[in-house]
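This is structure.tsv (TSV, C-alpha atoms).
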chain	number	residue	atom	x	y	z
Y	525	MET	CA	-93.12	2.09	1.65
Y	526	MET	CA	-96.40	4.00	1.82
Y	527	MET	CA	-98.43	0.79	2.25
Y	528	SER	CA	-96.21	-0.58	5.02
Y	529	SER	CA	-96.23	2.68	6.96
Y	530	ALA	CA	-100.05	2.78	6.96
Y	531	LYS	CA	-100.39	-0.47	8.92
Y	532	PRO	CA	-98.89	0.80	12.20
Y	533	VAL	CA	-101.05	3.93	11.99
Y	534	GLN	CA	-104.17	1.82	11.40
Y	535	SER	CA	-103.28	-0.56	14.24
Y	536	LEU	CA	-102.62	2.32	16.60
Y	537	ALA	CA	-106.00	3.82	15.74
Y	538	VAL	CA	-107.76	0.53	16.46
Y	539	ILE	CA	-105.93	0.09	19.78
Y	540	THR	CA	-106.70	3.67	20.83
Y	541	LEU	CA	-110.37	3.35	19.88
Y	542	THR	CA	-110.67	0.06	21.77
Y	543	PHE	CA	-109.12	1.53	24.89
Y	544	LEU	CA	-111.39	4.59	24.76
Y	545	MET	CA	-114.46	2.37	24.37
Y	546	ILE	CA	-113.48	0.30	27.40
Y	547	ALA	CA	-112.70	3.34	29.50
Y	548	GLY	CA	-115.89	5.06	28.41
Y	549	SER	CA	-118.04	2.04	29.30
Y	550	LEU	CA	-116.66	2.13	32.83
Y	551	GLY	CA	-117.03	5.87	33.13
Y	552	LEU	CA	-113.25	6.29	33.41
Y	553	SER	CA	-110.71	8.69	32.02
Y	554	SER	CA	-108.73	7.32	29.06
Y	555	GLY	CA	-105.56	8.44	30.83
Y	556	MET	CA	-105.74	5.74	33.52
Y	557	THR	CA	-103.12	3.01	33.43
Y	558	LYS	CA	-103.91	-0.69	33.18
Y	559	GLU	CA	-102.93	-1.13	36.84
Y	560	GLU	CA	-105.30	1.65	37.91
Y	561	LEU	CA	-108.11	0.07	35.93
Y	562	GLU	CA	-107.50	-3.27	37.62
Y	563	TYR	CA	-106.86	-2.14	41.19
Y	564	ARG	CA	-109.29	0.74	41.61
Y	565	PRO	CA	-112.46	0.45	43.75
Y	566	LEU	CA	-115.83	-0.18	42.15
Y	567	THR	CA	-118.46	2.54	41.98
Y	568	LEU	CA	-122.11	1.97	42.82
Y	569	SER	CA	-123.21	2.98	39.32
Y	570	GLU	CA	-120.94	0.32	37.79
Y	571	VAL	CA	-122.42	-2.39	40.00
Y	572	THR	CA	-126.06	-1.45	39.34
Y	573	LYS	CA	-125.34	-1.09	35.62
Y	574	LEU	CA	-123.91	-4.60	35.50
Y	575	PHE	CA	-126.92	-6.01	37.38
Y	576	ALA	CA	-129.19	-4.42	34.76
Y	577	GLN	CA	-127.11	-5.84	31.91
Y	578	LYS	CA	-127.65	-9.31	33.40
Y	579	GLY	CA	-131.42	-8.84	33.50
Y	580	LEU	CA	-131.51	-7.92	37.20
Y	581	LYS	CA	-132.52	-4.27	37.13
Y	582	LEU	CA	-132.16	-2.70	40.58
Y	583	GLU	CA	-134.80	-0.16	41.62
Y	584	ALA	CA	-133.85	2.18	44.47
Y	585	VAL	CA	-135.82	1.89	47.71
Y	586	ALA	CA	-136.18	4.71	50.23
Y	587	GLY	CA	-134.16	4.19	53.39
Y	588	GLU	CA	-137.12	4.66	55.73
Y	589	GLY	CA	-137.70	1.52	57.75
Y	590	PHE	CA	-134.19	0.22	57.08
Y	591	GLU	CA	-132.36	2.22	59.76
Y	592	ASP	CA	-131.25	-1.00	61.47
Y	593	THR	CA	-129.25	-2.15	58.44
Y	594	VAL	CA	-126.22	0.06	59.14
Y	595	LEU	CA	-123.26	-2.33	59.15
Y	596	PHE	CA	-119.82	-1.39	60.53
Y	597	GLY	CA	-120.86	2.26	60.32
Y	598	ILE	CA	-121.73	1.98	56.61
Y	599	GLU	CA	-125.24	2.76	55.40
Y	600	PRO	CA	-126.35	0.55	52.52
Y	601	GLU	CA	-127.87	1.55	49.24
Y	602	ILE	CA	-131.13	-0.44	49.14
Y	603	PHE	CA	-132.75	-1.81	45.98
Y	604	ARG	CA	-135.48	-4.17	44.86
Y	605	ILE	CA	-134.95	-6.43	41.89
Y	606	HIS	CA	-137.41	-5.39	39.18
Y	607	GLY	CA	-140.35	-7.75	38.92
Y	608	SER	CA	-139.87	-9.21	42.41
Y	609	GLU	CA	-139.92	-8.32	46.09
Y	610	ASP	CA	-136.31	-9.43	46.57
Y	611	LEU	CA	-133.98	-6.90	48.19
Y	612	VAL	CA	-130.34	-6.20	47.38
Y	613	LEU	CA	-128.36	-4.15	49.91
Y	614	ILE	CA	-125.04	-2.76	48.70
Y	615	TYR	CA	-122.50	-1.42	51.19
Y	616	PRO	CA	-119.92	0.81	49.43
Y	617	PHE	CA	-116.75	0.73	51.53
Y	618	SER	CA	-114.08	3.30	50.77
Y	619	SER	CA	-111.50	0.68	49.82
Y	620	HIS	CA	-111.00	-3.02	49.16
Y	621	ARG	CA	-108.88	-3.32	52.31
Y	622	GLU	CA	-111.48	-1.64	54.54
Y	623	ARG	CA	-114.20	-3.99	53.32
Y	624	GLU	CA	-111.97	-7.02	53.81
Y	625	GLN	CA	-110.99	-6.01	57.34
Y	626	LEU	CA	-114.48	-5.06	58.53
Y	627	ALA	CA	-116.98	-7.15	56.58
Y	628	GLY	CA	-114.87	-10.23	56.02
Y	629	HIS	CA	-114.60	-12.45	52.99
Y	630	TYR	CA	-116.84	-13.77	50.23
Y	631	TRP	CA	-118.53	-16.52	52.29
Y	632	ARG	CA	-118.52	-15.01	55.76
Y	633	PHE	CA	-121.43	-13.89	57.87
Y	634	ASN	CA	-121.35	-13.53	61.65
Y	635	ASP	CA	-123.90	-13.27	64.48
Y	636	GLU	CA	-124.37	-9.54	63.93
Y	637	MET	CA	-125.23	-10.12	60.29
Y	638	MET	CA	-127.58	-12.98	61.18
Y	639	ALA	CA	-129.52	-10.76	63.59
Y	640	MET	CA	-129.60	-7.90	61.10
Y	641	PHE	CA	-130.71	-9.64	57.90
Y	642	LEU	CA	-132.85	-12.58	59.05
Y	643	PRO	CA	-135.89	-10.30	59.60
Y	644	TYR	CA	-135.69	-9.39	55.91
Y	645	SER	CA	-135.02	-12.87	54.54
Y	646	GLN	CA	-134.68	-16.39	55.90
Y	647	PHE	CA	-132.30	-17.15	53.04
Y	648	PHE	CA	-130.12	-14.03	52.82
Y	649	GLN	CA	-126.76	-14.38	51.10
Y	650	THR	CA	-123.61	-12.29	51.59
Y	651	LEU	CA	-121.14	-11.64	48.78
Y	652	THR	CA	-118.18	-9.31	48.28
Y	653	ALA	CA	-116.68	-7.59	45.26
Y	654	LYS	CA	-113.57	-5.49	45.81
Y	655	ASN	CA	-114.78	-2.62	48.04
Y	656	MET	CA	-118.45	-3.63	47.86
Y	657	PHE	CA	-120.30	-5.80	50.36
Y	658	ILE	CA	-123.53	-7.14	48.84
Y	659	VAL	CA	-126.43	-8.78	50.64
Y	660	TYR	CA	-129.14	-10.54	48.65
Y	661	CYS	CA	-132.42	-10.92	50.60
Y	662	PRO	CA	-134.91	-13.04	48.64
Y	663	LEU	CA	-138.56	-13.03	49.68
Y	664	LEU	CA	-138.85	-16.77	50.15
Y	665	TYR	CA	-140.44	-18.68	53.01
Y	666	ILE	CA	-139.92	-22.18	54.36
Y	667	GLU	CA	-143.27	-23.24	52.89
Y	668	SER	CA	-142.14	-22.21	49.40
Y	669	LEU	CA	-138.92	-24.13	49.87
Y	670	LYS	CA	-140.79	-27.28	50.87
Y	671	THR	CA	-143.17	-27.21	47.92
Y	672	MET	CA	-140.46	-26.12	45.45
Y	673	GLY	CA	-143.04	-24.22	43.45
Y	674	PRO	CA	-142.67	-21.21	41.11
Y	675	ASP	CA	-141.40	-18.90	43.87
Y	676	TYR	CA	-138.63	-21.35	44.70
Y	677	ALA	CA	-137.69	-21.75	41.02
Y	678	SER	CA	-137.47	-17.96	40.60
Y	679	TYR	CA	-135.32	-17.68	43.72
Y	680	VAL	CA	-132.90	-20.36	42.50
Y	681	GLN	CA	-132.58	-18.62	39.14
Y	682	ARG	CA	-131.93	-15.17	40.62
Y	683	SER	CA	-129.60	-16.51	43.31
Y	684	LYS	CA	-127.48	-18.32	40.73
Y	685	ALA	CA	-127.41	-15.29	38.43
Y	686	ILE	CA	-126.29	-12.96	41.25
Y	687	ARG	CA	-123.61	-15.39	42.42
Y	688	GLU	CA	-122.27	-15.75	38.86
Y	689	LEU	CA	-122.36	-11.98	38.33
Y	690	VAL	CA	-120.38	-11.26	41.50
Y	691	LEU	CA	-117.91	-14.11	40.99
Y	692	ARG	CA	-117.16	-13.58	37.31
Y	693	ASP	CA	-117.99	-10.00	36.38
Y	694	LEU	CA	-117.17	-8.08	39.56
Y	695	ASN	CA	-114.34	-10.26	40.91
Y	696	GLY	CA	-112.94	-11.57	37.62
Y	697	GLY	CA	-113.33	-15.14	38.88
Y	698	LYS	CA	-113.74	-18.43	37.05
Y	699	THR	CA	-115.07	-21.96	37.39
Y	700	LEU	CA	-112.78	-24.97	37.00
Y	701	VAL	CA	-113.96	-28.57	36.61
Y	702	PHE	CA	-111.85	-31.53	37.74
Y	703	ARG	CA	-112.69	-35.15	37.03
Y	704	GLY	CA	-111.28	-38.59	37.83
Y	705	GLU	CA	-112.39	-42.18	37.36
Y	706	GLY	CA	-111.45	-45.61	38.62
Y	707	GLN	CA	-112.79	-49.10	38.04
Y	708	TYR	CA	-115.77	-48.65	40.36
Y	709	TRP	CA	-116.15	-44.93	41.03
Y	710	MET	CA	-115.96	-41.59	39.27
Y	711	VAL	CA	-115.87	-38.15	40.90
Y	712	GLU	CA	-116.27	-34.59	39.65
Y	713	ILE	CA	-115.32	-31.35	41.40
Y	714	VAL	CA	-116.59	-27.92	40.38
Y	715	LEU	CA	-114.38	-25.16	41.78
Y	716	ASP	CA	-115.42	-21.50	41.87
Y	717	CYS	CA	-112.44	-19.25	42.58
Y	718	PHE	CA	-110.92	-15.81	42.18
Y	719	GLY	CA	-107.72	-14.03	43.09
Y	720	GLN	CA	-107.12	-10.31	42.73
Y	721	PHE	CA	-104.64	-7.62	43.67
Y	722	TYR	CA	-105.72	-4.21	44.91
Y	723	LYS	CA	-103.93	-0.96	45.68
Y	724	ASP	CA	-104.71	1.75	48.21
Y	725	ASP	CA	-102.97	4.25	50.49
Y	726	HIS	CA	-101.41	1.36	52.45
Y	727	GLY	CA	-99.85	-0.23	49.36
Y	728	MET	CA	-100.62	-3.45	47.53
Y	729	GLY	CA	-102.92	-6.17	48.82
Y	730	TYR	CA	-104.23	-9.50	47.55
Y	731	GLU	CA	-107.46	-11.39	48.15
Y	732	SER	CA	-108.37	-14.89	47.01
Y	733	TRP	CA	-111.30	-17.25	47.53
Y	734	SER	CA	-112.33	-20.71	46.38
Y	735	GLU	CA	-115.16	-23.14	47.03
Y	736	ALA	CA	-115.40	-26.68	45.68
Y	737	SER	CA	-118.52	-28.81	45.19
Y	738	ALA	CA	-118.01	-32.53	44.61
Y	739	ILE	CA	-120.19	-35.39	43.37
Y	740	ALA	CA	-119.27	-39.07	43.18
Y	741	LYS	CA	-120.91	-41.85	41.17
Y	742	TYR	CA	-120.75	-45.60	41.78
Y	743	LYS	CA	-120.73	-47.60	38.54
Y	744	GLY	CA	-122.22	-50.76	39.99
Y	745	ASP	CA	-125.49	-51.55	41.75
Y	746	PRO	CA	-126.16	-48.71	44.26
Y	747	GLY	CA	-128.22	-51.06	46.41
Y	748	GLN	CA	-125.10	-53.03	47.30
Y	749	ILE	CA	-123.46	-50.06	49.04
Y	750	LYS	CA	-124.08	-50.12	52.79
Y	751	SER	CA	-121.73	-47.25	53.69
Y	752	PHE	CA	-118.54	-45.65	52.43
Y	753	SER	CA	-115.90	-43.14	53.49
Y	754	TYR	CA	-113.91	-40.85	51.22
Y	755	THR	CA	-111.13	-38.27	51.18
Y	756	LEU	CA	-110.50	-35.50	48.66
Y	757	GLU	CA	-106.95	-34.14	48.84
Y	758	GLY	CA	-105.82	-30.96	47.11
Y	759	THR	CA	-102.75	-28.78	46.88
Y	760	TYR	CA	-103.81	-26.57	49.78
Y	761	GLY	CA	-106.09	-28.76	51.85
Y	762	SER	CA	-108.43	-31.72	52.05
Y	763	TYR	CA	-111.81	-32.81	53.32
Y	764	SER	CA	-113.37	-36.17	54.01
Y	765	GLY	CA	-116.59	-37.75	55.18
Y	766	THR	CA	-118.77	-40.83	55.52
Y	767	ARG	CA	-122.05	-41.53	53.74
Y	768	GLN	CA	-124.64	-44.30	54.17
Y	769	THR	CA	-126.64	-44.35	50.95
Y	770	LEU	CA	-126.52	-43.49	47.27
Y	771	SER	CA	-129.32	-42.21	45.06
Y	772	PRO	CA	-131.00	-44.77	42.74
Y	773	ASP	CA	-128.70	-43.66	39.91
Y	774	GLY	CA	-125.58	-44.18	42.05
Y	775	LEU	CA	-124.86	-40.51	42.73
Y	776	VAL	CA	-123.94	-38.85	46.01
Y	777	ARG	CA	-123.08	-35.25	46.82
Y	778	LEU	CA	-119.87	-34.96	48.82
Y	779	GLY	CA	-120.56	-31.43	50.02
Y	780	ARG	CA	-118.52	-28.26	49.72
Y	781	GLY	CA	-115.02	-27.38	50.86
Y	782	ASN	CA	-112.49	-24.55	50.69
Y	783	GLY	CA	-108.83	-24.55	49.81
Y	784	LEU	CA	-108.56	-27.74	47.72
Y	785	VAL	CA	-107.07	-26.13	44.64
Y	786	GLY	CA	-106.43	-22.70	43.21
Y	787	LYS	CA	-105.71	-23.22	39.53
Y	788	ALA	CA	-106.00	-25.82	36.80
Y	789	GLU	CA	-102.39	-26.98	37.21
Y	790	ASP	CA	-102.87	-27.93	40.86
Y	791	LYS	CA	-103.11	-31.62	41.68
Y	792	HIS	CA	-105.60	-33.43	43.83
Y	793	SER	CA	-106.81	-36.98	44.36
Y	794	PHE	CA	-109.78	-39.02	45.54
Y	795	SER	CA	-109.75	-42.13	47.72
Y	796	ILE	CA	-112.72	-44.20	48.89
Y	797	GLN	CA	-113.42	-47.28	51.01
Y	798	TRP	CA	-116.66	-49.31	50.82
Y	799	ASN	CA	-117.81	-52.88	51.55
Y	800	GLY	CA	-114.27	-53.94	52.45
Y	801	GLN	CA	-112.89	-52.53	49.18
Y	802	ALA	CA	-110.81	-49.45	48.38
Y	803	GLU	CA	-109.98	-47.37	45.35
Y	804	ALA	CA	-107.91	-44.24	44.70
Y	805	PHE	CA	-107.19	-42.11	41.64
Y	806	ASP	CA	-106.04	-38.64	40.61
Y	807	LEU	CA	-108.27	-35.93	39.20
Y	808	GLU	CA	-107.46	-33.83	36.14
Y	809	ALA	CA	-108.82	-30.49	34.97
Y	810	ASP	CA	-111.32	-30.53	32.12
Y	811	PRO	CA	-109.83	-28.11	29.55
Y	812	PHE	CA	-113.32	-27.07	28.42
Y	813	GLY	CA	-114.78	-26.72	31.91
Y	814	MET	CA	-117.71	-28.97	31.10
Y	815	ILE	CA	-119.90	-30.20	33.97
Y	816	ARG	CA	-121.20	-33.70	33.26
Y	817	LEU	CA	-122.83	-34.79	36.52
Y	818	PRO	CA	-126.05	-33.17	37.83
Y	819	TYR	CA	-125.40	-30.62	40.59

Represent the supplied structure as structure tokens.
Amino acid sequence: MMMSSAKPVQSLAVITLTFLMIAGSLGLSSGMTKEELEYRPLTLSEVTKLFAQKGLKLEAVAGEGFEDTVLFGIEPEIFRIHGSEDLVLIYPFSSHREREQLAGHYWRFNDEMMAMFLPYSQFFQTLTAKNMFIVYCPLLYIESLKTMGPDYASYVQRSKAIRELVLRDLNGGKTLVFRGEGQYWMVEIVLDCFGQFYKDDHGMGYESWSEASAIAKYKGDPGQIKSFSYTLEGTYGSYSGTRQTLSPDGLVRLGRGNGLVGKAEDKHSFSIQWNGQAEAFDLEADPFGMIRLPY
């Protein structure tokens, strides 16, 4: 009896310790409920701490000279990424709902944003995470893009790291891979997506986002393809297009689209017409999320 009664006590101690460690790492009180942990707004210190953990230490920059970056009445906190001249502007809205209503969604930027951020970067990117609106302004010029030298390689690396950080760590998102194959063609879709609830004074809200990138490969001689048209159909939408040429290895990028699928169980299909021929097949989720084609 003494041995069996010790197990629940030990388990309870482990659970309590684990919860306190999680709460402590976020700077939260251990008395918060699971729902409060999930729905609450982010703090600036949490965001900058996570950037640093991912090797992107943010160093504060004085606001002088950045007076024109006030967006929707919100002044940004301005940082440089350590070891570079790249800027990161973080706009801390009071709530998830306020940010969504004023600054828009994950992918959105409007004319006002274009006019505001282009002087700082020709390749600025806008991202959102709960109540935070984040603008990444890399110091990269058209010349660097054309030569694809070291500056371009550094930009690609940082841009990808920031996108992954915001998608996965701040928004709790994920990447799904879907693949299908017929006799002549194969296609692969990489879907970045997230969906999250939030809670504020107006009640519960929900925000979701997804973006799919697709690549197709012709199994035969690419030189025989004069032109082709395709359609990708998903549970919540579709997109289509026409292409003229393939790369020497038979690959072609089909671009990006929103709203194809939202989860691994959703169904979607691919159809294609070329040289008087046609083929269609369904795509299935890769359970391991492995990307096989070069993106």

TODO: Using only C-alpha atoms, pick whichever of Y:Phe633, Y:Phe648, Y:Phe575, Y:Tyr563 has the shortest atom-to-atom distance to Leu611 in chain Y.
DONE: Y:Phe648

Could you make a table, as a tab-separated table, of the residues of range 642-699 of chain Y that have an atom within 12 Å of an atom of range 587-605 of chain Y, each with its nearest atom pair and distance in Å to one decimal, counting all atoms listed in the file, in chain and number order?
residue	atom	partner	partner_atom	distance
Y:Leu642	CA	Y:Thr593	CA	11.1
Y:Pro643	CA	Y:Asp592	CA	10.6
Y:Tyr644	CA	Y:Phe590	CA	9.8
Y:Asn655	CA	Y:Ile598	CA	12.0
Y:Met656	CA	Y:Pro600	CA	10.1
Y:Phe657	CA	Y:Pro600	CA	9.0
Y:Ile658	CA	Y:Pro600	CA	9.0
Y:Val659	CA	Y:Pro600	CA	9.5
Y:Tyr660	CA	Y:Arg604	CA	9.8
Y:Cys661	CA	Y:Arg604	CA	9.4
Y:Pro662	CA	Y:Ile605	CA	9.4
Y:Leu663	CA	Y:Arg604	CA	10.5
Y:Ser678	CA	Y:Ile605	CA	11.9
Y:Tyr679	CA	Y:Ile605	CA	11.4
Y:Arg682	CA	Y:Ile605	CA	9.3
Y:Ser683	CA	Y:Ile605	CA	11.5
Y:Ile686	CA	Y:Ile605	CA	10.9

Output C-alpha atoms for every residue in that selection, as a short mmCIF file (atom, residue, chain, number, x, y, z; two decimals), in the coordinates of the input.
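That gives us again.cif:
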data_model
loop_
_atom_site.label_atom_id
_atom_site.label_comp_id
_atom_site.auth_asym_id
_atom_site.auth_seq_id
_atom_site.Cartn_x
_atom_site.Cartn_y
_atom_site.Cartn_z
CA LEU Y 642 -132.85 -12.58 59.05
CA PRO Y 643 -135.89 -10.30 59.60
CA TYR Y 644 -135.69 -9.39 55.91
CA ASN Y 655 -114.78 -2.62 48.04
CA MET Y 656 -118.45 -3.63 47.86
CA PHE Y 657 -120.30 -5.80 50.36
CA ILE Y 658 -123.53 -7.14 48.84
CA VAL Y 659 -126.43 -8.78 50.64
CA TYR Y 660 -129.14 -10.54 48.65
CA CYS Y 661 -132.42 -10.92 50.60
CA PRO Y 662 -134.91 -13.04 48.64
CA LEU Y 663 -138.56 -13.03 49.68
CA SER Y 678 -137.47 -17.96 40.60
CA TYR Y 679 -135.32 -17.68 43.72
CA ARG Y 682 -131.93 -15.17 40.62
CA SER Y 683 -129.60 -16.51 43.31
CA ILE Y 686 -126.29 -12.96 41.25
#

Task: Top pick for closest residue to Val714 in chain Y, considering Y:Val690, Y:Ile815, Y:Ala639, Y:Leu770 and counting all atoms listed in the file - done: Y:Ile815

Open item on the list: So, with only C-alpha atoms as the atoms that count, which of Y:Gln707, Y:Gln801, Y:Gln681, Y:Gln768 lies closest to Lys578 in chain Y?
Closed with: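 Counting only C-alpha atoms, the residue closest to Lys578 in chain Y is Y:Gln681.
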
TODO: Choose the residue, out of Y:Leu582, Y:Arg816, Y:Gly761, Y:Leu574, that has the smallest atom-to-atom separation from Arg692 in chain Y; count all atoms listed in the file.
DONE: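 That would be Y:Leu574, the residue with the smallest distance to Arg692 in chain Y.
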
Task: Å distance separating CA of Leu694 in chain Y from CA of Ala653 in chain Y, one decimal place - done: 5.7 Å

- [ ] Check the smallest atom-to-atom distance from each of Y:Tyr763, Y:Pro674, Y:Gly747, Y:Tyr630 to Asn695 in chain Y using only C-alpha atoms, then report the winner.
- [x]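 Residue with the minimum atom-to-atom distance to Asn695 in chain Y: Y:Tyr630.
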
Task: Proximity to Leu566 in chain Y - best of Y:Arg780, Y:Arg687, Y:His620, Y:Arg632, only C-alpha atoms - done: Y:His620
